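*Asks:* Structure file query_35.txt (compact mmCIF, C-alpha atoms and all ligand atoms) right here:
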# COMPACT_ATOMS: atom_id res chain seq x y z
CA MET O 6 -10.64 17.97 18.08
CA ASN O 7 -11.37 16.28 14.78
CA ALA O 8 -9.51 13.29 13.37
CA PHE O 9 -7.45 15.45 11.00
CA ALA O 10 -6.29 17.74 13.81
CA GLN O 11 -5.40 14.71 15.93
CA ARG O 12 -3.35 13.21 13.13
CA MET O 13 -1.45 16.45 12.63
CA GLU O 14 -0.78 16.88 16.35
CA ARG O 15 0.46 13.29 16.66
CA ALA O 16 2.71 13.66 13.62
CA VAL O 17 4.34 16.81 15.03
CA ALA O 18 5.02 14.95 18.30
CA GLN O 19 6.51 12.00 16.36
CA ALA O 20 8.69 14.40 14.38
CA ALA O 21 9.86 16.11 17.57
CA ALA O 22 10.82 12.72 19.01
CA GLU O 23 13.07 12.28 15.95
CA GLY O 24 14.69 15.67 16.51
CA LEU O 25 12.74 17.32 13.70
CA GLY O 26 11.09 20.74 13.77
CA GLY O 27 8.17 19.47 11.73
CA LEU O 28 6.82 17.98 8.53
CA LEU O 29 6.46 19.43 5.04
CA ILE O 30 3.63 17.71 3.20
CA THR O 31 3.07 17.96 -0.55
CA PRO O 32 0.16 16.55 -2.60
CA GLY O 33 -0.26 12.79 -2.40
CA PRO O 34 -1.45 10.30 0.21
CA ASP O 35 0.18 12.19 3.12
CA LEU O 36 -1.76 15.36 2.30
CA VAL O 37 -5.02 13.42 1.99
CA TYR O 38 -4.29 11.74 5.32
CA PHE O 39 -3.84 15.04 7.13
CA THR O 40 -6.38 17.28 5.41
CA GLY O 41 -8.60 15.24 3.09
CA TYR O 42 -7.34 17.52 0.33
CA GLN O 43 -6.39 16.01 -3.02
CA PRO O 44 -5.67 18.61 -5.70
CA THR O 45 -7.16 17.56 -9.01
CA ALA O 46 -3.76 17.81 -10.65
CA ILE O 47 -0.36 17.74 -8.97
CA THR O 48 1.50 20.51 -10.70
CA GLU O 49 4.54 22.74 -10.76
CA ARG O 50 2.62 25.20 -8.61
CA LEU O 51 3.63 24.76 -4.96
CA THR O 52 1.06 23.29 -2.58
CA LEU O 53 2.58 22.76 0.88
CA LEU O 54 1.23 21.81 4.30
CA VAL O 55 3.57 22.86 7.09
CA LEU O 56 3.22 21.02 10.39
CA ALA O 57 5.63 22.54 12.89
CA GLU O 58 6.07 22.51 16.62
CA GLY O 59 4.42 25.37 18.46
CA ARG O 60 2.58 26.68 15.40
CA ASP O 61 -0.86 26.03 13.90
CA PRO O 62 -0.87 23.92 10.73
CA HIS O 63 -0.63 26.09 7.60
CA LEU O 64 -1.56 25.03 4.09
CA LEU O 65 -0.12 27.13 1.30
CA VAL O 66 -1.96 26.73 -2.02
CA PRO O 67 -2.05 28.44 -5.42
CA ILE O 68 -4.88 30.98 -5.24
CA LEU O 69 -6.75 29.36 -8.13
CA GLU O 70 -6.96 26.11 -6.13
CA ARG O 71 -8.02 27.79 -2.90
CA PRO O 72 -11.75 26.99 -3.31
CA ASP O 73 -10.94 23.26 -3.67
CA ALA O 74 -8.69 23.36 -0.62
CA GLU O 75 -11.39 25.15 1.39
CA ALA O 76 -13.88 22.45 0.43
CA ALA O 77 -11.65 19.63 1.77
CA ASP O 78 -12.90 17.73 4.82
CA GLY O 79 -9.98 18.77 7.01
CA SER O 80 -9.73 22.40 5.96
CA ALA O 81 -11.13 23.65 9.28
CA ALA O 82 -8.04 22.27 11.01
CA VAL O 83 -5.56 24.32 8.95
CA THR O 84 -4.88 27.99 8.27
CA LEU O 85 -5.02 28.52 4.52
CA LEU O 86 -2.56 30.79 2.76
CA ASP O 87 -2.41 31.39 -0.95
CA TRP O 88 -0.04 32.71 -3.56
CA LYS O 89 -0.55 34.07 -7.09
CA ASP O 90 1.08 33.23 -10.40
CA GLY O 91 3.98 35.63 -10.91
CA ASP O 92 4.86 35.64 -7.20
CA ASP O 93 7.59 33.47 -5.71
CA PRO O 94 5.92 31.02 -3.29
CA TYR O 95 9.13 29.80 -1.66
CA PRO O 96 9.80 32.87 0.52
CA VAL O 97 6.17 32.61 1.68
CA ALA O 98 6.71 28.97 2.61
CA ALA O 99 10.04 29.85 4.19
CA GLY O 100 8.24 32.28 6.49
CA LEU O 101 6.51 29.26 8.07
CA LEU O 102 9.80 27.50 8.85
CA ALA O 103 12.60 28.04 11.33
CA PRO O 104 15.65 29.31 9.38
CA ASP O 105 17.92 26.65 10.87
CA GLY O 106 15.30 23.94 11.36
CA ARG O 107 15.22 20.30 10.33
CA TYR O 108 12.13 19.05 8.54
CA CYS O 109 11.05 15.87 6.89
CA ILE O 110 9.36 16.25 3.52
CA SER O 111 6.94 13.97 1.63
CA ASP O 112 8.63 11.36 -0.54
CA SER O 113 6.45 12.52 -3.42
CA ALA O 114 7.57 16.18 -3.22
CA TRP O 115 8.85 17.40 -6.57
CA SER O 116 12.56 18.18 -6.49
CA MET O 117 11.85 21.68 -7.89
CA HIS O 118 9.86 22.48 -4.73
CA LEU O 119 12.51 21.13 -2.38
CA LEU O 120 15.19 23.03 -4.31
CA GLY O 121 13.08 26.19 -4.10
CA LEU O 122 12.83 25.82 -0.33
CA GLN O 123 16.55 25.14 -0.06
CA GLN O 124 17.31 28.31 -1.95
CA ALA O 125 14.96 30.36 0.22
CA LEU O 126 16.36 28.89 3.46
CA PRO O 127 19.89 27.62 2.90
CA GLN O 128 20.48 26.75 6.58
CA THR O 129 17.42 24.55 6.87
CA ARG O 130 17.92 20.80 6.54
CA TYR O 131 15.53 18.30 5.01
CA THR O 132 15.07 14.54 5.30
CA SER O 133 12.71 12.21 3.50
CA MET O 134 9.56 10.99 5.20
CA THR O 135 10.56 7.38 4.63
CA SER O 136 13.94 7.79 6.28
CA SER O 137 12.64 9.79 9.28
CA LEU O 138 9.03 8.81 9.90
CA PRO O 139 8.38 5.62 7.93
CA MET O 140 5.57 4.56 10.27
CA LEU O 141 3.71 7.89 9.99
CA ARG O 142 0.55 6.32 8.53
CA ALA O 143 1.28 2.69 9.48
CA VAL O 144 -0.93 2.40 12.56
CA LYS O 145 -4.53 2.65 11.44
CA SER O 146 -7.48 3.94 13.48
CA ASP O 147 -10.54 1.74 13.93
CA ASP O 148 -12.28 3.70 11.17
CA GLU O 149 -9.41 3.07 8.80
CA VAL O 150 -9.32 -0.65 9.62
CA ALA O 151 -13.06 -0.78 8.89
CA LEU O 152 -12.47 0.81 5.47
CA LEU O 153 -9.68 -1.66 4.71
CA ALA O 154 -11.94 -4.52 5.81
CA ALA O 155 -14.66 -3.28 3.47
CA ALA O 156 -12.17 -3.09 0.59
CA GLY O 157 -11.01 -6.62 1.45
CA ALA O 158 -14.59 -7.91 1.51
CA ALA O 159 -15.20 -6.38 -1.90
CA ALA O 160 -12.09 -8.10 -3.27
CA ASP O 161 -13.29 -11.36 -1.72
CA ALA O 162 -16.65 -10.99 -3.47
CA ALA O 163 -14.87 -10.36 -6.78
CA TYR O 164 -12.77 -13.50 -6.28
CA GLU O 165 -15.80 -15.68 -5.51
CA ARG O 166 -17.36 -14.51 -8.77
CA ILE O 167 -14.24 -14.99 -10.91
CA LEU O 168 -14.17 -18.66 -9.93
CA GLY O 169 -17.33 -19.09 -11.98
CA VAL O 170 -15.98 -17.66 -15.24
CA ARG O 171 -14.45 -19.66 -18.06
CA PHE O 172 -10.63 -19.75 -17.86
CA ALA O 173 -9.51 -22.29 -20.48
CA GLY O 174 -9.38 -20.88 -24.00
CA ARG O 175 -9.36 -17.22 -22.92
CA THR O 176 -6.40 -14.86 -22.59
CA GLU O 177 -4.91 -13.56 -19.36
CA THR O 178 -6.00 -10.07 -20.35
CA GLU O 179 -9.62 -11.17 -20.71
CA ILE O 180 -9.60 -12.72 -17.22
CA GLY O 181 -7.86 -9.60 -15.86
CA ASN O 182 -10.53 -7.37 -17.37
CA ASP O 183 -13.21 -9.56 -15.79
CA LEU O 184 -11.51 -9.12 -12.41
CA ALA O 185 -11.24 -5.35 -12.84
CA ASP O 186 -14.94 -5.13 -13.77
CA LEU O 187 -15.85 -7.15 -10.69
CA LEU O 188 -13.75 -4.98 -8.37
CA ARG O 189 -15.55 -1.92 -9.72
CA GLU O 190 -18.92 -3.66 -9.42
CA TYR O 191 -18.15 -4.23 -5.72
CA GLY O 192 -17.35 -0.58 -5.11
CA HIS O 193 -13.72 -0.01 -6.09
CA SER O 194 -13.21 3.45 -7.56
CA GLN O 195 -9.74 2.54 -8.79
CA VAL O 196 -8.18 -0.75 -9.88
CA ASP O 197 -4.41 -0.69 -9.39
CA PHE O 198 -3.47 -4.14 -10.67
CA THR O 199 -4.98 -7.39 -11.94
CA VAL O 200 -2.22 -9.95 -12.24
CA VAL O 201 -3.15 -13.08 -14.18
CA GLY O 202 -0.04 -15.28 -14.28
CA SER O 203 -0.93 -18.47 -16.08
CA GLY O 204 1.33 -21.51 -16.41
CA PRO O 205 4.98 -20.42 -16.78
CA ASN O 206 3.95 -16.73 -16.52
CA GLY O 207 2.99 -17.38 -12.90
CA ALA O 208 6.66 -17.96 -12.13
CA ASN O 209 7.34 -14.25 -12.74
CA PRO O 210 5.90 -12.32 -9.77
CA HIS O 211 5.96 -9.09 -11.81
CA HIS O 212 4.13 -10.52 -14.80
CA GLU O 213 0.84 -8.63 -15.00
CA MET O 214 -1.10 -10.16 -17.86
CA GLY O 215 -0.71 -10.76 -21.54
CA ASP O 216 -1.91 -12.55 -24.66
CA ARG O 217 -1.26 -16.06 -23.41
CA VAL O 218 -4.29 -18.28 -23.86
CA LEU O 219 -5.05 -20.28 -20.73
CA GLN O 220 -5.24 -24.04 -21.09
CA ASP O 221 -6.19 -27.11 -19.19
CA GLY O 222 -3.54 -27.97 -16.58
CA ASP O 223 -2.49 -24.34 -15.95
CA MET O 224 -1.81 -23.05 -12.52
CA VAL O 225 -3.06 -19.43 -12.48
CA VAL O 226 -1.91 -16.74 -10.03
CA LEU O 227 -4.58 -14.06 -9.56
CA ASP O 228 -3.37 -10.93 -7.70
CA PHE O 229 -5.74 -7.99 -7.72
CA GLY O 230 -6.53 -4.81 -5.86
CA GLY O 231 -7.18 -1.12 -5.86
CA LEU O 232 -8.96 1.53 -3.83
CA LYS O 233 -12.46 1.49 -2.40
CA ASP O 234 -13.58 4.61 -0.52
CA GLY O 235 -9.97 5.74 -0.34
CA TYR O 236 -8.52 2.52 1.13
CA GLY O 237 -6.77 -0.35 -0.56
CA SER O 238 -7.34 -4.01 -1.29
CA ASP O 239 -4.66 -6.48 -2.39
CA THR O 240 -5.40 -10.19 -2.58
CA THR O 241 -3.80 -13.18 -4.25
CA ARG O 242 -5.25 -16.61 -4.82
CA THR O 243 -3.82 -19.34 -7.03
CA VAL O 244 -6.28 -21.51 -8.91
CA HIS O 245 -5.86 -24.45 -11.26
CA ILE O 246 -7.62 -25.38 -14.48
CA GLY O 247 -8.65 -28.99 -14.03
CA PRO O 248 -7.00 -31.39 -11.58
CA PRO O 249 -3.42 -30.52 -10.44
CA THR O 250 -0.39 -32.80 -10.57
CA ALA O 251 1.10 -34.12 -7.34
CA VAL O 252 4.00 -31.64 -7.57
CA GLU O 253 1.65 -28.70 -8.13
CA GLN O 254 -0.38 -29.73 -5.10
CA GLU O 255 2.77 -30.16 -2.99
CA VAL O 256 4.11 -26.68 -3.87
CA PHE O 257 0.70 -25.19 -3.27
CA ASP O 258 0.44 -26.82 0.16
CA VAL O 259 3.86 -25.44 1.17
CA VAL O 260 2.81 -21.89 0.28
CA ARG O 261 -0.49 -22.30 2.05
CA ALA O 262 1.21 -23.59 5.21
CA ALA O 263 3.75 -20.74 5.08
CA GLN O 264 0.98 -18.17 4.78
CA GLN O 265 -0.82 -19.73 7.74
CA ALA O 266 2.32 -19.91 9.89
CA ALA O 267 3.20 -16.27 9.17
CA PHE O 268 -0.35 -15.21 10.01
CA GLU O 269 -0.24 -17.11 13.30
CA ALA O 270 3.05 -15.38 14.20
CA VAL O 271 1.37 -11.95 14.11
CA ARG O 272 1.05 -10.30 17.48
CA PRO O 273 2.05 -6.95 18.99
CA GLY O 274 5.76 -6.62 19.73
CA VAL O 275 6.97 -9.17 17.16
CA ALA O 276 9.50 -7.65 14.74
CA CYS O 277 8.30 -7.14 11.17
CA GLU O 278 11.19 -9.26 9.91
CA ASP O 279 10.10 -12.20 12.06
CA ILE O 280 6.89 -12.59 10.05
CA ASP O 281 8.99 -12.84 6.89
CA ALA O 282 11.34 -15.29 8.58
CA THR O 283 8.48 -17.51 9.74
CA ALA O 284 7.17 -18.02 6.22
CA ARG O 285 10.67 -18.30 4.76
CA GLN O 286 11.80 -20.96 7.20
CA LEU O 287 8.90 -23.19 6.29
CA ILE O 288 9.44 -22.75 2.56
CA THR O 289 13.19 -23.28 2.94
CA GLU O 290 12.70 -26.47 4.92
CA ALA O 291 10.48 -27.76 2.12
CA GLY O 292 13.36 -27.15 -0.30
CA TYR O 293 12.02 -24.06 -2.09
CA GLY O 294 13.84 -21.26 -0.25
CA GLU O 295 15.63 -20.11 -3.41
CA GLN O 296 12.29 -19.87 -5.22
CA PHE O 297 10.72 -17.47 -2.68
CA ILE O 298 12.26 -14.36 -4.18
CA HIS O 299 10.52 -11.44 -2.46
CA ARG O 300 9.68 -10.11 0.99
CA VAL O 301 6.62 -11.62 2.63
CA GLY O 302 4.54 -8.45 2.83
CA HIS O 303 3.95 -4.71 2.75
CA GLY O 304 1.69 -2.26 4.53
CA ILE O 305 -1.54 -1.05 2.98
CA GLY O 306 -3.77 1.93 3.63
CA MET O 307 -4.47 4.90 1.40
CA THR O 308 -1.98 3.30 -1.00
CA THR O 309 -1.63 -0.37 -1.85
CA HIS O 310 2.09 -0.46 -0.96
CA GLU O 311 3.44 1.45 2.04
CA PRO O 312 5.25 0.83 5.34
CA PRO O 313 5.52 -1.34 7.31
CA TYR O 314 7.50 -3.68 5.07
CA LEU O 315 7.76 -7.24 6.36
CA VAL O 316 11.27 -7.84 5.21
CA ARG O 317 14.59 -9.05 6.57
CA GLY O 318 16.26 -6.16 8.41
CA GLU O 319 13.03 -4.39 9.43
CA LYS O 320 13.29 -4.72 13.20
CA ARG O 321 10.47 -2.36 14.17
CA PRO O 322 7.76 -4.13 16.18
CA LEU O 323 4.21 -4.82 15.09
CA VAL O 324 1.72 -2.48 16.75
CA PRO O 325 -2.06 -2.95 17.03
CA GLY O 326 -3.72 -1.20 14.09
CA MET O 327 -0.98 -1.96 11.57
CA CYS O 328 -2.36 -3.46 8.35
CA PHE O 329 -0.25 -5.36 5.84
CA SER O 330 -0.17 -8.21 3.36
CA ILE O 331 1.18 -11.68 4.07
CA GLU O 332 1.99 -13.13 0.65
CA PRO O 333 4.56 -15.90 0.43
CA GLY O 334 5.13 -17.45 -2.97
CA ILE O 335 7.14 -20.09 -4.77
CA TYR O 336 8.20 -19.45 -8.37
CA LEU O 337 9.44 -22.35 -10.50
CA SER O 338 10.99 -20.77 -13.57
CA GLY O 339 9.50 -21.98 -16.84
CA ARG O 340 6.86 -24.02 -15.03
CA PHE O 341 4.44 -22.26 -12.69
CA GLY O 342 4.09 -20.08 -9.61
CA VAL O 343 1.99 -20.12 -6.46
CA ARG O 344 1.23 -17.17 -4.17
CA ILE O 345 -1.40 -16.72 -1.49
CA GLU O 346 -1.98 -13.24 -0.09
CA ASP O 347 -4.28 -11.87 2.57
CA ILE O 348 -4.40 -8.46 4.20
CA VAL O 349 -4.01 -8.82 7.96
CA THR O 350 -4.41 -6.32 10.79
CA VAL O 351 -2.68 -6.52 14.14
CA THR O 352 -4.97 -6.69 17.18
CA GLU O 353 -4.07 -6.73 20.87
CA THR O 354 -4.15 -10.52 20.83
CA GLY O 355 -2.87 -11.49 17.40
CA GLY O 356 -3.77 -11.07 13.76
CA ARG O 357 -7.13 -10.64 12.06
CA ARG O 358 -7.56 -11.37 8.37
CA LEU O 359 -9.29 -8.78 6.21
CA ASN O 360 -9.59 -11.37 3.42
CA ASN O 361 -11.64 -14.41 4.22
CA THR O 362 -12.05 -16.53 1.11
CA ASP O 363 -10.89 -20.14 1.18
CA HIS O 364 -7.14 -20.71 0.80
CA GLY O 365 -7.54 -24.13 -0.77
CA MET O 366 -6.67 -24.68 -4.43
CA GLN O 367 -9.85 -23.94 -6.34
CA ILE O 368 -10.36 -25.90 -9.53
CA VAL O 369 -11.68 -23.75 -12.37
CA SER O 370 -12.73 -24.72 -15.85
ZN ZN O 401 -1.17 -27.92 -13.80
ZN ZN O 402 -0.96 -8.51 -4.31
ZN ZN O 403 0.65 -7.28 -2.02
Render the structure in this file as structure tokens.
Ligand code: ZN
Ligand code: ZN
Ligand code: ZN

*Replies:*
Amino acid sequence: MNAFAQRMERAVAQAAAEGLGGLLITPGPDLVYFTGYQPTAITERLTLLVLAEGRDPHLLVPILERPDAEAADGSAAVTLLDWKDGDDPYPVAAGLLAPDGRYCISDSAWSMHLLGLQQALPQTRYTSMTSSLPMLRAVKSDDEVALLAAAGAAADAAYERILGVRFAGRTETEIGNDLADLLREYGHSQVDFTVVGSGPNGANPHHEMGDRVLQDGDMVVLDFGGLKDGYGSDTTRTVHIGPPTAVEQEVFDVVRAAQQAAFEAVRPGVACEDIDATARQLITEAGYGEQFIHRVGHGIGMTTHEPPYLVRGEKRPLVPGMCFSIEPGIYLSGRFGVRIEDIVTVTETGGRRLNNTDHGMQIVS
């Protein structure tokens, strides 16, 4: 059985354990995960993968997209069906479902498709993937971890190179463009974000980059990532232009220690929220708890943000193969911010970093 067939079989079993008759997958990362198929454009025409208990996987596609679907890596593991413009695809899809079944449907499904299914099968009930099977793609195979490690290594290489560029006197956008170019040079096909938060802008975790000209004495938060060979990178390092003040160094050291402590807490069976709590406790004890204003991490895989979320209230346990960020930060409004982020994978014995550049405060010029 190939990897796609295994994934589909496992997902149906997971759905059954949740009392669901199956999964309805629409274009997006879930469909790529199960079939390797990524339609060139996600449109109003229904494309639907039905994974149901006791039935072979069926992929319903618009007939004009059938050749692309047939060319997908996982197409051998599904039975392809097609429909033509002018026909109503929802009764065709309904024929693949139990009339009174319960199914979870991709978060990214267009409401018009869900409404069409509801009309065709009024007794069927639907839940969202996130509410029913949030951990569907959370546990990565060895091959997936290797792809994430390669994406992480590429981001590391980009970071090592950015340390050598001129910071002072250039804008955040210029530095961000340098970072994006470097990510592409090291094999990223897609750059999702290049945060350059200099000086007071670093205190806003959602600041991406802007016209601010960097100057001597700035703390600079660099948070960058995207996709390489279909898997994500997401790394943050905080650098300083010239020598830091004592307060800057102190805040930096707190974040660094919190990142390290959270990393060392990673092992199978520990609740996701405990990793957040470990970093938060350290930052709180140092007096900056109110300035750590986001969860400590998020999963990563075919997207750069996905379950598991390392956040208060997430009591699910860590499982070997999970991959996520650990990214504590301290944000001092109007002054500066510090964040340090690595991607980490859970092994049988603890955590393994997929980013391996130095955590120390690098001085740039
Ligand atoms: Zn400074
Ligand atoms: Zn990040
Ligand atoms: Zn992140």

*Asks:* Which residues are near ligand ZN 401 (chain O) - at most 6 Å, using only C-alpha atoms and all ligand atoms? Format: as a list of chain:residue names.

*Replies:*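 Using only C-alpha atoms and all ligand atoms, everything at most 6 Å from ligand ZN 401 (chain O) comes to O:Gly222, O:Asp223, O:Met224, O:Pro249, O:Thr250.
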
*Asks:* Please indicate the distance in Å from CA of Pro312 (chain O) to CA of Gly27 (chain O), rounded to one decimal place.

*Replies:* 19.9 Å

*Asks:* Pick out the residues no farther than 12 Å from ligand ZN 403 (chain O), counting all atoms listed in the file, and list them as a ChimeraX atom specification.

*Replies:* /O:197-200,210-211,227-231,237-242,299-306,308-312,314-315,328-334,344-349

*Asks:* Of the candidates O:Pro313, O:Arg130, O:Val196, O:Ala282, which shows the shortest atom-to-atom distance to ligand ZN 402 (chain O), using all atoms listed in the file?

*Replies:*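 Result for the nearest residue to ligand ZN 402 (chain O): O:Val196.
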
*Asks:* Could you tell me which of O:Arg171, O:Lys89, O:Arg142, O:Arg261 comes closest to Asp363 (chain O) if we count only C-alpha atoms?

*Replies:* O:Arg261

*Asks:* Between CA of Gly100 (chain O) and CA of Leu25 (chain O), what distance in Å does the model show, to one decimal?

*Replies:* 17.2 Å

*Asks:* So the first atom is CA of Ala284 (chain O) and the second is CA of Val343 (chain O); what is the distance between them in Å, to one decimal place?

*Replies:*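 Interatomic distance here is 13.9 Å.
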
*Asks:* Excluding Asp90 (chain O) and its own-chain neighbours fewer than 5 positions away, which residues fall within 12 Å of it when counting all atoms listed in the file? Please give them as a list of chain:residue names.

*Replies:*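 That gives O:Glu49, O:Arg50, O:Leu51, O:Val66, O:Pro67, O:Ile68, O:Leu69, O:Glu70.
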
*Asks:* Have a look at O:Gly106, O:Gly26, O:Gly365, O:Gly33 and name the one nearest to Asp258 (chain O); count only C-alpha atoms.

*Replies:* O:Gly365

*Asks:* With 9 Å as the threshold, what does the neighbourhood of (10.1, 13.7, -1.1) contain in terms of residues, counting all atoms listed in the file? Coordinates are those of the file; answer as a list in words.

*Replies:*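 Protein and nucleic acid residues near the point are Ile30, Thr31, Cys109, Ile110, Ser111, Asp112, Ser113, Ala114, Trp115, Ser116, Leu119, Thr132, Ser133, Met134 and Thr135 of chain O.
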
*Asks:* Would you pick out the contacts of Asn361 (chain O) at 9 Å or less, using only C-alpha atoms, so that residues sharing its chain but fewer than 4 positions from it are not included, and give the list as a list of chain:residue names?

*Replies:*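 Counting only the stated atoms, we get O:Gly157, O:Ala158, O:Asp161, O:Asp347.
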
*Asks:* List the spatial neighbours of Pro273 (chain O) as a PyMOL selection string - criterion: any atom at most 8 Å away, all atoms listed in the file, same-chain residues fewer than 6 positions off excluded.

*Replies:* chain O and resi 322-325+351-355

*Asks:* Select, counting all atoms listed in the file, all protein, DNA and RNA residues no farther than 12 Å from (1.1, 21.5, 2.4) in file coordinates, and express the selection as a ChimeraX atom specification.

*Replies:* /O:13,27-44,50-57,62-67,74,80,83-87,98,101,110-111,113-114,118

*Asks:* Given the choices O:Leu141, O:Lys233, O:Val201, O:Asn206, which gets closest to ligand ZN 402 (chain O) if the distance is worked out from all atoms listed in the file?

*Replies:*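 Between O:Leu141, O:Lys233, O:Val201, O:Asn206, the residue approaching ligand ZN 402 (chain O) most closely is O:Val201.
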
*Asks:* May I ask which of the residues O:Met327, O:Ala270, O:Ile335, O:Met366 is the closest one to Ser146 (chain O), counting all atoms listed in the file?

*Replies:* O:Met327

*Asks:* Considering all atoms listed in the file, state which residue in the set O:Gln265, O:Trp88, O:Ala125, O:Val226 is at the smallest distance from ligand ZN 402 (chain O).

*Replies:*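 Checking each of O:Gln265, O:Trp88, O:Ala125, O:Val226 against ligand ZN 402 (chain O), counting all atoms listed in the file, the winner is O:Val226.
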
*Asks:* Taking all atoms of region 306-310 of chain O that the file lists and extending 5 Å past them on each side, where is the centre of the axis-aligned box and how long are its edges? Answer in Å to one decimal, as lines of an AutoDock Vina configuration file.

*Replies:*
center_x = -1.2
center_y = 2.2
center_z = 0.9
size_x = 16.6
size_y = 15.4
size_z = 15.5

*Asks:* Just want the 10 Å neighbourhood of Val170 (chain O), counted on only C-alpha atoms, with same-chain residues fewer than 2 positions away dropped. Output as an MDAnalysis selection string.

*Replies:* chainID O and resid 165:168 172:173 180 183 369:370

*Asks:* Using all atoms listed in the file, which protein or nucleic acid residues come within 7 Å of Asp216 (chain O)? Drop anything in the same chain fewer than 3 positions from it, and give the result as a PyMOL selection string.

*Replies:* chain O and resi 176-178

*Asks:* For region 337-349 of chain O, which lacks atoms in the input, supply N, CA, C and O atoms and format the output as a tab-separated table (two decimals), in the frame of the given file.

*Replies:*
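Wrote it out as result.tsv, contents follow:
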chain	number	residue	atom	x	y	z
O	337	LEU	N	8.63	-21.34	-9.82
O	337	LEU	CA	9.44	-22.35	-10.50
O	337	LEU	C	9.58	-21.93	-11.96
O	337	LEU	O	8.64	-22.08	-12.76
O	338	SER	N	10.75	-21.39	-12.26
O	338	SER	CA	10.99	-20.77	-13.57
O	338	SER	C	10.64	-21.72	-14.71
O	338	SER	O	11.02	-22.89	-14.72
O	339	GLY	N	9.88	-21.19	-15.67
O	339	GLY	CA	9.50	-21.98	-16.84
O	339	GLY	C	8.35	-22.94	-16.59
O	339	GLY	O	7.89	-23.60	-17.52
O	340	ARG	N	7.91	-23.04	-15.35
O	340	ARG	CA	6.86	-24.02	-15.03
O	340	ARG	C	5.60	-23.33	-14.51
O	340	ARG	O	4.65	-23.13	-15.24
O	341	PHE	N	5.63	-22.91	-13.26
O	341	PHE	CA	4.44	-22.26	-12.69
O	341	PHE	C	4.81	-21.55	-11.38
O	341	PHE	O	5.92	-21.73	-10.85
O	342	GLY	N	3.90	-20.76	-10.90
O	342	GLY	CA	4.09	-20.08	-9.61
O	342	GLY	C	2.86	-20.26	-8.74
O	342	GLY	O	1.77	-20.55	-9.22
O	343	VAL	N	3.09	-20.09	-7.43
O	343	VAL	CA	1.99	-20.12	-6.46
O	343	VAL	C	2.21	-18.98	-5.47
O	343	VAL	O	3.32	-18.80	-4.96
O	344	ARG	N	1.17	-18.20	-5.23
O	344	ARG	CA	1.23	-17.17	-4.17
O	344	ARG	C	-0.14	-17.11	-3.52
O	344	ARG	O	-1.16	-17.27	-4.21
O	345	ILE	N	-0.15	-16.92	-2.23
O	345	ILE	CA	-1.40	-16.72	-1.49
O	345	ILE	C	-1.22	-15.49	-0.63
O	345	ILE	O	-0.24	-15.39	0.12
O	346	GLU	N	-2.13	-14.53	-0.77
O	346	GLU	CA	-1.98	-13.24	-0.09
O	346	GLU	C	-3.29	-12.81	0.56
O	346	GLU	O	-4.33	-12.76	-0.09
O	347	ASP	N	-3.18	-12.50	1.85
O	347	ASP	CA	-4.28	-11.87	2.57
O	347	ASP	C	-3.77	-10.57	3.18
O	347	ASP	O	-2.60	-10.45	3.53
O	348	ILE	N	-4.68	-9.62	3.36
O	348	ILE	CA	-4.40	-8.46	4.20
O	348	ILE	C	-4.76	-8.84	5.64
O	348	ILE	O	-5.80	-9.46	5.89
O	349	VAL	N	-3.87	-8.46	6.55
O	349	VAL	CA	-4.01	-8.82	7.96
O	349	VAL	C	-3.85	-7.55	8.78
O	349	VAL	O	-3.05	-6.67	8.43
